[in-house]
Amino acid sequence: MLLRRLASLLAVLPSLPLALAHAEAPLPAARLPGPDHPLRVCADPNNLPFSNAAEAGFENEVARLVAEEMEAPLVYEWWAQRRGFIRNTLKAGTCDVVIGVPAGYELVETTRPYYRSGYVWVYPRARGLDLRDITDPRLRELKIGVHLIGDDGSNTPPAHALGQQGIVDGVHGYLIYGDYRSADPAAEPVRAVARGEVDVAAVWGPLGGYFARSAAIPLAVMPISETGEFAPLRFRFAIAMGVRHGDEELRAALDGILARREGDITAILARYGVPLMPARERNVP
């Protein structure tokens, strides 16, 4: 789902005006899903806990709920969520909805947010680290697993914040794209904690919460405290659905479903271990 796009959002934002200036001609508005027209969802076939080809992710469950509300068949356009995902799926017209994008993501029209989560620390419960702050001085002495996008500087907020503090020697990078031949390659930092290769991982919350549950050892999952010290870096994000710009009727229909079925969607997220955070928090920029 959104993991790869969320991690690269910081690097993408400065280039958006240029990208939009060269956007393709707009497609006709999506037909509203119903009994005679499917809900066409763009999704990654190998990206648990968000989605996979077996439809075993929480975004798959949310998509089923939406399709049921619309009384529409559910079909998928499968595409690995690497660079070009939106261009090759939603903007190509092969599907009409992305189930998880950052709220306000400029490449799409976003619905109302349906959950808010953040980056988390994952570490062995037996260590009793009780990590919270990205500025904790103990981090200089720990081996830390983080996701890296590549060599263009578009890394995750925790990786950026650690680098800004000069905490680099103990940082172990795991490519967020990973080895796509293996199952759920983005889970590797959490698996590295369970194997004892690193002391702690800093990962997107839904991923950390889900894979910590099935780890070989008990793992603690602790939200990274939001702070204005590294602004404009943020560690917590609201997540929405995305449709093509101009698909207002579809967006409005999705907004209605998200409002009516909020409790059911929250229950789905809880079953997958998604760390949920308040929509608004005091003293957070």
# chains A, B, ... in the order shown; residues from 1 in each chain; ligands from 1
call {"tool": "residues_around", "arguments": {"residues": "range 89-94 of chain A", "least_positions_apart": "5", "cutoff": "12 Å", "atoms": "only C-alpha atoms", "output": "PyMOL selection string"}}
result
chain A and resi 20+23-31+38-44+75-84+99+107-109+241-247
call {"tool": "residues_around", "arguments": {"residues": "range 222-226 of chain A", "least_positions_apart": "3", "cutoff": "10 Å", "atoms": "only C-alpha atoms", "output": "ChimeraX atom specification"}}
result
/A:117-123,129-135,158,202-205,208-209,219,229-230,233-236,275-277,281,283-285
call {"tool": "residues_around", "arguments": {"residues": "His172 in chain A", "least_positions_apart": "2", "cutoff": "12 Å", "atoms": "only C-alpha atoms", "output": "ChimeraX atom specification"}}
result
/A:142-148,159,162-163,167-170,174-175,188-190,192-193,197-202
call {"tool": "select_by_dssp", "arguments": {"residues": "range 52-253 of chain A", "states": "alpha helix (DSSP H)", "output": "VMD selection string"}}
result
chain A and resid 58 to 70 85 to 88 157 to 164 188 to 195 205 to 213 248 to 253
call {"tool": "residues_around", "arguments": {"residues": "Pro33 in chain A", "least_positions_apart": "2", "cutoff": "12 Å", "atoms": "only C-alpha atoms", "output": "ChimeraX atom specification"}}
result
/A:29-31,35-41,66-75,95-97,249-251,253-254
call {"tool": "write_last_selection", "arguments": {"atoms": "N, CA and C atoms", "output": "mmCIF file, in the first residue's frame"}}
result
data_model
loop_
_atom_site.group_PDB
_atom_site.id
_atom_site.type_symbol
_atom_site.label_atom_id
_atom_site.label_comp_id
_atom_site.auth_asym_id
_atom_site.auth_seq_id
_atom_site.Cartn_x
_atom_site.Cartn_y
_atom_site.Cartn_z
ATOM 1 N N ALA A 29 -14.201 10.797 -16.148
ATOM 2 C CA ALA A 29 -14.514 10.465 -14.760
ATOM 3 C C ALA A 29 -14.837 8.982 -14.636
ATOM 4 N N ALA A 30 -14.395 8.401 -13.523
ATOM 5 C CA ALA A 30 -14.648 6.978 -13.285
ATOM 6 C C ALA A 30 -16.146 6.728 -13.136
ATOM 7 N N ARG A 31 -16.583 5.633 -13.674
ATOM 8 C CA ARG A 31 -17.972 5.228 -13.503
ATOM 9 C C ARG A 31 -18.170 4.765 -12.066
ATOM 10 N N PRO A 35 -23.812 -2.754 -9.016
ATOM 11 C CA PRO A 35 -24.021 -4.157 -9.397
ATOM 12 C C PRO A 35 -23.508 -4.511 -10.790
ATOM 13 N N ASP A 36 -23.537 -3.540 -11.702
ATOM 14 C CA ASP A 36 -23.114 -3.834 -13.076
ATOM 15 C C ASP A 36 -21.755 -3.227 -13.422
ATOM 16 N N HIS A 37 -21.034 -2.733 -12.410
ATOM 17 C CA HIS A 37 -19.708 -2.166 -12.667
ATOM 18 C C HIS A 37 -18.834 -2.370 -11.437
ATOM 19 N N PRO A 38 -17.633 -2.941 -11.604
ATOM 20 C CA PRO A 38 -16.822 -3.309 -10.441
ATOM 21 C C PRO A 38 -16.145 -2.111 -9.774
ATOM 22 N N LEU A 39 -15.799 -2.315 -8.521
ATOM 23 C CA LEU A 39 -14.869 -1.424 -7.830
ATOM 24 C C LEU A 39 -13.474 -1.879 -8.231
ATOM 25 N N ARG A 40 -12.761 -1.034 -8.947
ATOM 26 C CA ARG A 40 -11.445 -1.400 -9.485
ATOM 27 C C ARG A 40 -10.358 -0.780 -8.600
ATOM 28 N N VAL A 41 -9.634 -1.639 -7.906
ATOM 29 C CA VAL A 41 -8.662 -1.198 -6.905
ATOM 30 C C VAL A 41 -7.240 -1.428 -7.406
ATOM 31 N N VAL A 66 -15.898 -1.847 1.252
ATOM 32 C CA VAL A 66 -16.371 -0.785 0.361
ATOM 33 C C VAL A 66 -17.172 -1.377 -0.794
ATOM 34 N N ALA A 67 -16.671 -2.457 -1.382
ATOM 35 C CA ALA A 67 -17.379 -3.091 -2.498
ATOM 36 C C ALA A 67 -18.751 -3.599 -2.060
ATOM 37 N N GLU A 68 -18.820 -4.169 -0.861
ATOM 38 C CA GLU A 68 -20.110 -4.642 -0.348
ATOM 39 C C GLU A 68 -21.087 -3.484 -0.167
ATOM 40 N N GLU A 69 -20.589 -2.370 0.360
ATOM 41 C CA GLU A 69 -21.444 -1.194 0.537
ATOM 42 C C GLU A 69 -21.983 -0.698 -0.805
ATOM 43 N N MET A 70 -21.169 -0.785 -1.827
ATOM 44 C CA MET A 70 -21.567 -0.321 -3.157
ATOM 45 C C MET A 70 -22.311 -1.393 -3.946
ATOM 46 N N GLU A 71 -22.399 -2.593 -3.368
ATOM 47 C CA GLU A 71 -23.011 -3.740 -4.049
ATOM 48 C C GLU A 71 -22.349 -3.966 -5.399
ATOM 49 N N ALA A 72 -21.019 -3.860 -5.389
ATOM 50 C CA ALA A 72 -20.249 -3.962 -6.631
ATOM 51 C C ALA A 72 -19.260 -5.112 -6.555
ATOM 52 N N PRO A 73 -18.974 -5.768 -7.682
ATOM 53 C CA PRO A 73 -17.871 -6.736 -7.705
ATOM 54 C C PRO A 73 -16.557 -6.009 -7.402
ATOM 55 N N LEU A 74 -15.605 -6.739 -6.841
ATOM 56 C CA LEU A 74 -14.296 -6.176 -6.524
ATOM 57 C C LEU A 74 -13.250 -6.804 -7.431
ATOM 58 N N VAL A 75 -12.499 -5.970 -8.147
ATOM 59 C CA VAL A 75 -11.413 -6.464 -8.992
ATOM 60 C C VAL A 75 -10.162 -5.645 -8.697
ATOM 61 N N CYS A 95 -7.452 1.185 -13.094
ATOM 62 C CA CYS A 95 -8.145 1.020 -11.824
ATOM 63 C C CYS A 95 -8.539 2.411 -11.348
ATOM 64 N N ASP A 96 -9.386 2.476 -10.318
ATOM 65 C CA ASP A 96 -9.989 3.755 -9.946
ATOM 66 C C ASP A 96 -9.729 4.197 -8.511
ATOM 67 N N VAL A 97 -9.250 3.299 -7.650
ATOM 68 C CA VAL A 97 -9.084 3.626 -6.232
ATOM 69 C C VAL A 97 -7.787 3.025 -5.707
ATOM 70 N N GLU A 249 -17.482 12.377 -7.828
ATOM 71 C CA GLU A 249 -18.609 11.531 -7.436
ATOM 72 C C GLU A 249 -18.113 10.285 -6.712
ATOM 73 N N LEU A 250 -17.055 9.687 -7.222
ATOM 74 C CA LEU A 250 -16.500 8.503 -6.574
ATOM 75 C C LEU A 250 -15.913 8.870 -5.216
ATOM 76 N N ARG A 251 -15.196 9.981 -5.156
ATOM 77 C CA ARG A 251 -14.622 10.396 -3.876
ATOM 78 C C ARG A 251 -15.720 10.635 -2.843
ATOM 79 N N ALA A 253 -18.706 9.292 -2.742
ATOM 80 C CA ALA A 253 -19.281 8.001 -2.354
ATOM 81 C C ALA A 253 -18.385 7.293 -1.345
ATOM 82 N N LEU A 254 -17.083 7.338 -1.576
ATOM 83 C CA LEU A 254 -16.146 6.722 -0.636
ATOM 84 C C LEU A 254 -16.173 7.436 0.708
#
call {"tool": "atom_distance", "arguments": {"atom1": "CA of Ala270 in chain A", "atom2": "CA of Pro218 in chain A"}}
result
18.3 Å
call {"tool": "closest_residue", "arguments": {"among": "A:Ala54, A:Pro45, A:Asn60, A:Ala161", "to": "Thr227 in chain A", "atoms": "only C-alpha atoms"}}
result
A:Ala161
call {"tool": "select_by_dssp", "arguments": {"residues": "range 72-187 of chain A", "states": "strand (DSSP E or B)", "output": "PyMOL selection string"}}
result
chain A and resi 74-78+97-102+109-110+115-124+144-148+171-175
call {"tool": "atom_distance", "arguments": {"atom1": "CA of Pro232 in chain A", "atom2": "CA of Pro157 in chain A"}}
result
9.7 Å
call {"tool": "residues_around", "arguments": {"residues": "Tyr177 in chain A", "least_positions_apart": "6", "cutoff": "8 Å", "atoms": "only C-alpha atoms", "output": "MDAnalysis selection string"}}
result
chainID A and resid 4 82 149 185:186
call {"tool": "write_last_selection", "arguments": {"atoms": "N, CA and C atoms", "output": "CSV table (one decimal), in the first residue's frame"}}
result
chain,number,residue,atom,x,y,z
A,4,ARG,N,5.6,2.6,0.6
A,4,ARG,CA,6.7,3.1,-0.3
A,4,ARG,C,6.5,4.5,-0.6
A,82,ARG,N,6.4,0.4,-6.5
A,82,ARG,CA,7.7,1.1,-6.7
A,82,ARG,C,7.4,2.5,-7.4
A,149,ILE,N,15.3,4.3,0.8
A,149,ILE,CA,14.7,4.2,-0.5
A,149,ILE,C,15.7,3.9,-1.6
A,185,PRO,N,8.9,-8.1,1.5
A,185,PRO,CA,10.3,-7.7,1.6
A,185,PRO,C,10.4,-6.5,2.6
A,186,ALA,N,9.4,-5.7,2.7
A,186,ALA,CA,9.5,-4.5,3.6
A,186,ALA,C,9.6,-4.8,5.0
